[in-house]
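Structure file query-v6.cif; described as mmCIF, C-alpha atoms; chains and numbers go by the auth columns.
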data_query
#
loop_
_atom_site.group_PDB
_atom_site.id
_atom_site.type_symbol
_atom_site.label_atom_id
_atom_site.label_comp_id
_atom_site.label_asym_id
_atom_site.label_seq_id
_atom_site.Cartn_x
_atom_site.Cartn_y
_atom_site.Cartn_z
_atom_site.B_iso_or_equiv
_atom_site.auth_seq_id
_atom_site.auth_asym_id
ATOM 1 C CA MET A 1 13.412 -16.331 7.876 0.00 1 A
ATOM 2 C CA ALA A 2 12.812 -14.510 4.613 0.00 2 A
ATOM 3 C CA LYS A 3 13.780 -15.986 1.275 0.00 3 A
ATOM 4 C CA LYS A 4 16.934 -14.540 -0.250 0.00 4 A
ATOM 5 C CA ASP A 5 15.925 -15.226 -3.841 0.00 5 A
ATOM 6 C CA HIS A 6 16.624 -12.733 -6.602 0.00 6 A
ATOM 7 C CA VAL A 7 13.669 -10.389 -6.981 0.00 7 A
ATOM 8 C CA SER A 8 12.744 -9.475 -10.537 0.00 8 A
ATOM 9 C CA GLU A 9 11.459 -6.061 -11.557 0.00 9 A
ATOM 10 C CA THR A 10 7.817 -5.101 -11.087 0.00 10 A
ATOM 11 C CA PRO A 11 6.013 -1.979 -12.331 0.00 11 A
ATOM 12 C CA ALA A 12 6.491 -0.631 -8.780 0.00 12 A
ATOM 13 C CA THR A 13 10.266 -1.148 -8.665 0.00 13 A
ATOM 14 C CA GLN A 14 10.593 0.251 -12.184 0.00 14 A
ATOM 15 C CA TRP A 15 8.715 3.390 -11.051 0.00 15 A
ATOM 16 C CA LEU A 16 10.950 3.742 -7.979 0.00 16 A
ATOM 17 C CA ARG A 17 14.158 3.352 -10.008 0.00 17 A
ATOM 18 C CA LYS A 18 12.906 5.812 -12.648 0.00 18 A
ATOM 19 C CA HIS A 19 12.344 8.377 -9.873 0.00 19 A
ATOM 20 C CA GLY A 20 15.736 7.653 -8.270 0.00 20 A
ATOM 21 C CA ILE A 21 14.243 6.399 -5.004 0.00 21 A
ATOM 22 C CA ALA A 22 16.376 4.122 -2.847 0.00 22 A
ATOM 23 C CA PHE A 23 14.649 1.035 -1.457 0.00 23 A
ATOM 24 C CA THR A 24 15.520 -2.338 0.044 0.00 24 A
ATOM 25 C CA ASP A 25 14.108 -5.703 -1.093 0.00 25 A
ATOM 26 C CA HIS A 26 12.258 -7.858 1.449 0.00 26 A
ATOM 27 C CA PRO A 27 10.889 -11.067 -0.095 0.00 27 A
ATOM 28 C CA TYR A 28 9.010 -13.457 2.205 0.00 28 A
ATOM 29 C CA ASP A 29 6.876 -16.597 2.002 0.00 29 A
ATOM 30 C CA TYR A 30 3.418 -15.335 1.031 0.00 30 A
ATOM 31 C CA GLU A 31 0.354 -16.893 2.670 0.00 31 A
ATOM 32 C CA ASP A 32 -3.144 -16.445 1.206 0.00 32 A
ATOM 33 C CA HIS A 33 -5.201 -14.154 3.445 0.00 33 A
ATOM 34 C CA GLY A 34 -2.204 -13.776 5.798 0.00 34 A
ATOM 35 C CA GLY A 35 -2.026 -10.017 5.420 0.00 35 A
ATOM 36 C CA THR A 36 0.391 -7.777 7.224 0.00 36 A
ATOM 37 C CA SER A 37 0.570 -10.015 10.303 0.00 37 A
ATOM 38 C CA VAL A 38 2.319 -12.684 8.191 0.00 38 A
ATOM 39 C CA SER A 39 4.638 -10.282 6.360 0.00 39 A
ATOM 40 C CA SER A 40 5.660 -8.510 9.583 0.00 40 A
ATOM 41 C CA ARG A 41 6.307 -11.853 11.303 0.00 41 A
ATOM 42 C CA GLU A 42 8.276 -13.210 8.334 0.00 42 A
ATOM 43 C CA LEU A 43 10.408 -10.062 8.067 0.00 43 A
ATOM 44 C CA GLY A 44 10.753 -9.533 11.823 0.00 44 A
ATOM 45 C CA VAL A 45 9.391 -5.971 11.729 0.00 45 A
ATOM 46 C CA ASP A 46 6.633 -4.200 13.669 0.00 46 A
ATOM 47 C CA GLU A 47 3.259 -4.619 11.931 0.00 47 A
ATOM 48 C CA HIS A 48 2.621 -0.892 12.526 0.00 48 A
ATOM 49 C CA ALA A 49 5.510 -0.138 10.098 0.00 49 A
ATOM 50 C CA VAL A 50 4.081 -2.448 7.418 0.00 50 A
ATOM 51 C CA VAL A 51 1.852 -0.319 5.198 0.00 51 A
ATOM 52 C CA LYS A 52 -1.037 -1.861 3.307 0.00 52 A
ATOM 53 C CA THR A 53 -2.138 -0.439 -0.041 0.00 53 A
ATOM 54 C CA LEU A 54 -5.925 -0.419 -0.379 0.00 54 A
ATOM 55 C CA ILE A 55 -7.794 0.391 -3.585 0.00 55 A
ATOM 56 C CA MET A 56 -11.106 2.032 -2.717 0.00 56 A
ATOM 57 C CA GLN A 57 -13.751 4.008 -4.560 0.00 57 A
ATOM 58 C CA ASP A 58 -16.012 6.945 -3.839 0.00 58 A
ATOM 59 C CA GLU A 59 -19.781 7.167 -4.395 0.00 59 A
ATOM 60 C CA LYS A 60 -19.152 7.888 -8.105 0.00 60 A
ATOM 61 C CA ALA A 61 -17.032 4.713 -8.412 0.00 61 A
ATOM 62 C CA GLN A 62 -13.893 6.858 -8.851 0.00 62 A
ATOM 63 C CA PRO A 63 -10.883 4.874 -7.582 0.00 63 A
ATOM 64 C CA LEU A 64 -8.449 6.054 -4.937 0.00 64 A
ATOM 65 C CA VAL A 65 -5.522 4.578 -3.031 0.00 65 A
ATOM 66 C CA VAL A 66 -5.401 4.489 0.771 0.00 66 A
ATOM 67 C CA LEU A 67 -2.155 3.677 2.603 0.00 67 A
ATOM 68 C CA MET A 68 -2.760 2.395 6.130 0.00 68 A
ATOM 69 C CA HIS A 69 -0.762 0.856 8.987 0.00 69 A
ATOM 70 C CA GLY A 70 -0.863 -2.942 8.861 0.00 70 A
ATOM 71 C CA ASP A 71 -2.369 -3.148 12.350 0.00 71 A
ATOM 72 C CA CYS A 72 -5.170 -0.642 11.648 0.00 72 A
ATOM 73 C CA LYS A 73 -8.368 -0.466 9.618 0.00 73 A
ATOM 74 C CA VAL A 74 -9.675 2.457 7.582 0.00 74 A
ATOM 75 C CA SER A 75 -12.631 4.431 8.912 0.00 75 A
ATOM 76 C CA THR A 76 -14.338 4.965 5.560 0.00 76 A
ATOM 77 C CA LYS A 77 -16.695 7.546 7.137 0.00 77 A
ATOM 78 C CA ASN A 78 -13.787 9.629 8.438 0.00 78 A
ATOM 79 C CA LEU A 79 -11.915 9.261 5.149 0.00 79 A
ATOM 80 C CA ALA A 80 -14.938 10.314 3.065 0.00 80 A
ATOM 81 C CA ARG A 81 -15.489 13.353 5.287 0.00 81 A
ATOM 82 C CA GLN A 82 -11.838 14.442 4.982 0.00 82 A
ATOM 83 C CA ILE A 83 -11.603 14.083 1.225 0.00 83 A
ATOM 84 C CA GLY A 84 -14.979 15.669 0.487 0.00 84 A
ATOM 85 C CA CYS A 85 -16.872 12.571 -0.650 0.00 85 A
ATOM 86 C CA LYS A 86 -20.274 11.242 0.401 0.00 86 A
ATOM 87 C CA SER A 87 -18.920 7.720 0.864 0.00 87 A
ATOM 88 C CA VAL A 88 -15.869 5.534 0.342 0.00 88 A
ATOM 89 C CA GLU A 89 -15.791 1.752 0.115 0.00 89 A
ATOM 90 C CA PRO A 90 -13.246 -0.921 -0.808 0.00 90 A
ATOM 91 C CA CYS A 91 -13.267 -1.982 -4.455 0.00 91 A
ATOM 92 C CA LYS A 92 -14.089 -5.577 -5.318 0.00 92 A
ATOM 93 C CA PRO A 93 -10.848 -7.537 -5.966 0.00 93 A
ATOM 94 C CA GLU A 94 -11.334 -7.706 -9.746 0.00 94 A
ATOM 95 C CA VAL A 95 -12.085 -3.954 -9.908 0.00 95 A
ATOM 96 C CA ALA A 96 -9.058 -3.133 -7.737 0.00 96 A
ATOM 97 C CA ASN A 97 -6.921 -5.284 -10.039 0.00 97 A
ATOM 98 C CA ARG A 98 -8.237 -3.448 -13.105 0.00 98 A
ATOM 99 C CA HIS A 99 -7.435 -0.041 -11.598 0.00 99 A
ATOM 100 C CA SER A 100 -4.030 -0.871 -10.119 0.00 100 A
ATOM 101 C CA GLY A 101 -2.707 -3.573 -12.432 0.00 101 A
ATOM 102 C CA PHE A 102 -1.688 -5.584 -9.345 0.00 102 A
ATOM 103 C CA LEU A 103 -3.181 -8.708 -7.764 0.00 103 A
ATOM 104 C CA ILE A 104 -4.755 -8.395 -4.314 0.00 104 A
ATOM 105 C CA GLY A 105 -1.991 -9.174 -1.828 0.00 105 A
ATOM 106 C CA GLY A 106 0.562 -7.672 -4.204 0.00 106 A
ATOM 107 C CA THR A 107 -0.796 -4.144 -4.665 0.00 107 A
ATOM 108 C CA SER A 108 1.717 -1.312 -4.584 0.00 108 A
ATOM 109 C CA PRO A 109 0.966 2.419 -4.750 0.00 109 A
ATOM 110 C CA PHE A 110 3.922 2.811 -7.132 0.00 110 A
ATOM 111 C CA GLY A 111 3.558 2.129 -10.845 0.00 111 A
ATOM 112 C CA THR A 112 -0.215 1.645 -10.863 0.00 112 A
ATOM 113 C CA ARG A 113 -1.931 1.077 -14.207 0.00 113 A
ATOM 114 C CA LYS A 114 -4.222 4.079 -13.641 0.00 114 A
ATOM 115 C CA ALA A 115 -3.292 7.390 -12.017 0.00 115 A
ATOM 116 C CA MET A 116 -5.364 7.668 -8.837 0.00 116 A
ATOM 117 C CA PRO A 117 -5.365 10.081 -5.896 0.00 117 A
ATOM 118 C CA VAL A 118 -3.350 8.648 -2.988 0.00 118 A
ATOM 119 C CA TYR A 119 -4.145 9.218 0.691 0.00 119 A
ATOM 120 C CA VAL A 120 -1.834 8.195 3.531 0.00 120 A
ATOM 121 C CA GLU A 121 -2.614 7.865 7.215 0.00 121 A
ATOM 122 C CA GLU A 122 -0.774 10.867 8.647 0.00 122 A
ATOM 123 C CA SER A 123 1.025 8.945 11.417 0.00 123 A
ATOM 124 C CA ILE A 124 2.760 6.750 8.787 0.00 124 A
ATOM 125 C CA LEU A 125 4.743 9.814 7.711 0.00 125 A
ATOM 126 C CA ALA A 126 6.245 10.063 11.229 0.00 126 A
ATOM 127 C CA LEU A 127 7.782 6.570 11.072 0.00 127 A
ATOM 128 C CA GLU A 128 11.513 6.192 10.461 0.00 128 A
ATOM 129 C CA ARG A 129 11.126 3.467 7.801 0.00 129 A
ATOM 130 C CA ILE A 130 8.164 1.678 6.290 0.00 130 A
ATOM 131 C CA TYR A 131 7.660 -1.635 4.522 0.00 131 A
ATOM 132 C CA ILE A 132 5.205 -1.492 1.657 0.00 132 A
ATOM 133 C CA ASN A 133 4.290 -3.847 -1.163 0.00 133 A
ATOM 134 C CA GLY A 134 6.727 -3.872 -4.051 0.00 134 A
ATOM 135 C CA GLY A 135 4.219 -5.044 -6.660 0.00 135 A
ATOM 136 C CA ARG A 136 4.112 -8.781 -6.078 0.00 136 A
ATOM 137 C CA ARG A 137 2.712 -11.158 -3.487 0.00 137 A
ATOM 138 C CA GLY A 138 5.412 -12.056 -0.968 0.00 138 A
ATOM 139 C CA TYR A 139 7.526 -8.977 -1.679 0.00 139 A
ATOM 140 C CA LEU A 140 7.789 -5.822 0.400 0.00 140 A
ATOM 141 C CA ILE A 141 10.192 -2.936 -0.059 0.00 141 A
ATOM 142 C CA GLY A 142 11.680 -0.781 2.662 0.00 142 A
ATOM 143 C CA ILE A 143 11.588 2.971 2.009 0.00 143 A
ATOM 144 C CA ALA A 144 11.564 6.294 3.812 0.00 144 A
ATOM 145 C CA PRO A 145 7.938 7.374 4.366 0.00 145 A
ATOM 146 C CA THR A 146 8.743 10.839 2.967 0.00 146 A
ATOM 147 C CA VAL A 147 8.608 9.226 -0.505 0.00 147 A
ATOM 148 C CA LEU A 148 4.833 8.849 -0.044 0.00 148 A
ATOM 149 C CA SER A 149 4.133 12.543 0.455 0.00 149 A
ATOM 150 C CA GLY A 150 7.005 13.649 -1.805 0.00 150 A
ATOM 151 C CA GLU A 151 7.398 11.790 -5.091 0.00 151 A
ATOM 152 C CA LEU A 152 4.086 9.898 -4.827 0.00 152 A
ATOM 153 C CA GLY A 153 2.094 12.999 -3.810 0.00 153 A
ATOM 154 C CA ALA A 154 0.041 11.216 -1.141 0.00 154 A
ATOM 155 C CA LYS A 155 -2.204 13.529 0.868 0.00 155 A
ATOM 156 C CA PRO A 156 -2.217 12.976 4.658 0.00 156 A
ATOM 157 C CA VAL A 157 -5.508 11.976 6.295 0.00 157 A
ATOM 158 C CA GLN A 158 -6.543 10.772 9.759 0.00 158 A
ATOM 159 C CA CYS A 159 -8.809 7.751 9.364 0.00 159 A
ATOM 160 C CA ALA A 160 -7.091 4.911 11.271 0.00 160 A
ATOM 161 C CA LEU A 161 -9.070 2.555 13.472 0.00 161 A
ATOM 162 C CA VAL A 162 -6.903 0.387 15.735 0.00 162 A
ATOM 163 C CA GLU A 163 -7.757 -3.292 15.238 0.00 163 A
#
What do you get writing this file as structure tokens?
Amino acid sequence: MAKKDHVSETPATQWLRKHGIAFTDHPYDYEDHGGTSVSSRELGVDEHAVVKTLIMQDEKAQPLVVLMHGDCKVSTKNLARQIGCKSVEPCKPEVANRHSGFLIGGTSPFGTRKAMPVYVEESILALERIYINGGRRGYLIGIAPTVLSGELGAKPVQCALVE
């Protein structure tokens, strides 16, 4: 089962508190390259409700954040078409870290180092509750998905590919 250790503040949790957003802490035993299948198993939640935060870039190397279901991949062609770009690709880990301020595996859309446009797979907004990274490896937070389109300003897109 999940660890019950005290969770210290991260830039993401500081951002959430500053904006008065309620969330629940969900620490778990992080595994390198385990992804959302490990976090969903450790927390006992559906992987579809675990949202991964992906730092990508357009053809001009402008960064953007994509929020996707844990059990889906991003169709970069569909995403690029919907946001008016020629192409979109994942950033290299060191570039993603520079943009977000978070390590890969611990990236949160909240409290990023750089302000970036945020896009969310539209069907995520229909879920009752989501689990998304809280700014550290092995730490998810539970929030209402309306926070993504509300306070975070994420724009809905349809670019999910079922894995």
One-decimal distance in Å that lies between atom CA of Glu31 of chain A and atom CA of Pro11 of chain A:
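Atom-to-atom, atom CA of Pro11 of chain A to atom CA of Glu31 of chain A, that is 21.9 Å.
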Hey, what's within 10 Å of Leu161 of chain A if we count all atoms listed in the file and toss same-chain stuff fewer than 6 positions away? As a PyMOL selection string, please?
chain A and resi 68-69+71-76+78
Top pick for closest residue to Gly101 of chain A, considering A:Leu16, A:Ala115, A:Leu152, A:Ile132 and counting all atoms listed in the file:
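Among A:Leu16, A:Ala115, A:Leu152, A:Ile132, it is A:Ala115 that comes nearest to Gly101 of chain A.
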When the PyMOL selection byres ((chain A and resi 37) around 9) is applied to the structure above, which residues does it catch, written out as a PyMOL selection string?
chain A and resi 34-36+38-42+47+50+70-71
Restricting it to C-alpha atoms, dump the selection as a PDB file, in the coordinates of the input.
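Contents of part35.pdb, as written:
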ATOM      1  CA  GLY A  34      -2.204 -13.776   5.798  1.00  0.00           C
ATOM      2  CA  GLY A  35      -2.026 -10.017   5.420  1.00  0.00           C
ATOM      3  CA  THR A  36       0.391  -7.777   7.224  1.00  0.00           C
ATOM      4  CA  VAL A  38       2.319 -12.684   8.191  1.00  0.00           C
ATOM      5  CA  SER A  39       4.638 -10.282   6.360  1.00  0.00           C
ATOM      6  CA  SER A  40       5.660  -8.510   9.583  1.00  0.00           C
ATOM      7  CA  ARG A  41       6.307 -11.853  11.303  1.00  0.00           C
ATOM      8  CA  GLU A  42       8.276 -13.210   8.334  1.00  0.00           C
ATOM      9  CA  GLU A  47       3.259  -4.619  11.931  1.00  0.00           C
ATOM     10  CA  VAL A  50       4.081  -2.448   7.418  1.00  0.00           C
ATOM     11  CA  GLY A  70      -0.863  -2.942   8.861  1.00  0.00           C
ATOM     12  CA  ASP A  71      -2.369  -3.148  12.350  1.00  0.00           C
TER      13      ASP A  71
END
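The shortest atom-to-atom distance to His19 of chain A, with only C-alpha atoms taken into account, belongs to A:Gly111 out of A:Val157, A:Lys52, A:Gly111, A:Tyr139.
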Can you find the residues with an atom no farther than 12 Å from (7.5, 7.7, 0.7), counting all atoms listed in the file, and report them as a ChimeraX atom specification?
/A:16,19,21-23,51,67,108-110,118-120,122,124-132,141-156
Counting only C-alpha atoms, figure out which residue out of A:Asn133, A:Gln62, A:Gln158, A:Thr13 gets nearest to Gly105 of chain A.
A:Asn133
Would you mind telling me which residue in A:Glu89, A:Glu9, A:Glu59, A:Asp32 lies nearest to Arg136 of chain A when using only C-alpha atoms?
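Checking each candidate against Arg136 of chain A, we get A:Glu9 as the closest.
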Spatial neighbours of Ser87 of chain A, max dist 7 Å, all atoms listed in the file, sep filter under 3 positions, as a ChimeraX atom specification
/A:58-59,77,80
Counting all atoms listed in the file, what is within 8 Å of Pro93 of chain A, bar same-chain residues fewer than 2 positions away, as a list in words?
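With the cut-off at 8 Å, the set is Cys91, Val95, Ala96, Asn97, Leu103 and Ile104 of chain A.
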Selected residues written out with C-alpha atoms, as a tab-separated table (two decimals), in the coordinates of the input:
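So selection_22.tsv came out as:
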chain	number	residue	atom	x	y	z
A	91	CYS	CA	-13.27	-1.98	-4.46
A	95	VAL	CA	-12.08	-3.95	-9.91
A	96	ALA	CA	-9.06	-3.13	-7.74
A	97	ASN	CA	-6.92	-5.28	-10.04
A	103	LEU	CA	-3.18	-8.71	-7.76
A	104	ILE	CA	-4.76	-8.40	-4.31
With distances taken over only C-alpha atoms, which of A:His48, A:Arg113, A:Arg137, A:Lys92 is nearest to Glu163 of chain A?
A:His48
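Of note, atom CA of His26 of chain A and atom CA of Leu54 of chain A are spaced 19.7 Å apart.
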Quote the spacing between atom CA of Asp25 of chain A and atom CA of Cys159 of chain A in Å to one decimal place.
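Atom CA of Cys159 of chain A lies at a distance of 28.6 Å from atom CA of Asp25 of chain A.
Near Leu64 of chain A, within 6 Å and counting all atoms listed in the file, sit Ile55, Met56, Gln57, Met116 and Pro117 of chain A; same-chain residues fewer than 6 positions away were not included.
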So, counting all atoms listed in the file, which residue among A:Thr107, A:Thr112, A:Gln14, A:Ser123 is closest to Gly135 of chain A?
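So, comparing all the options, the nearest one is A:Thr107.
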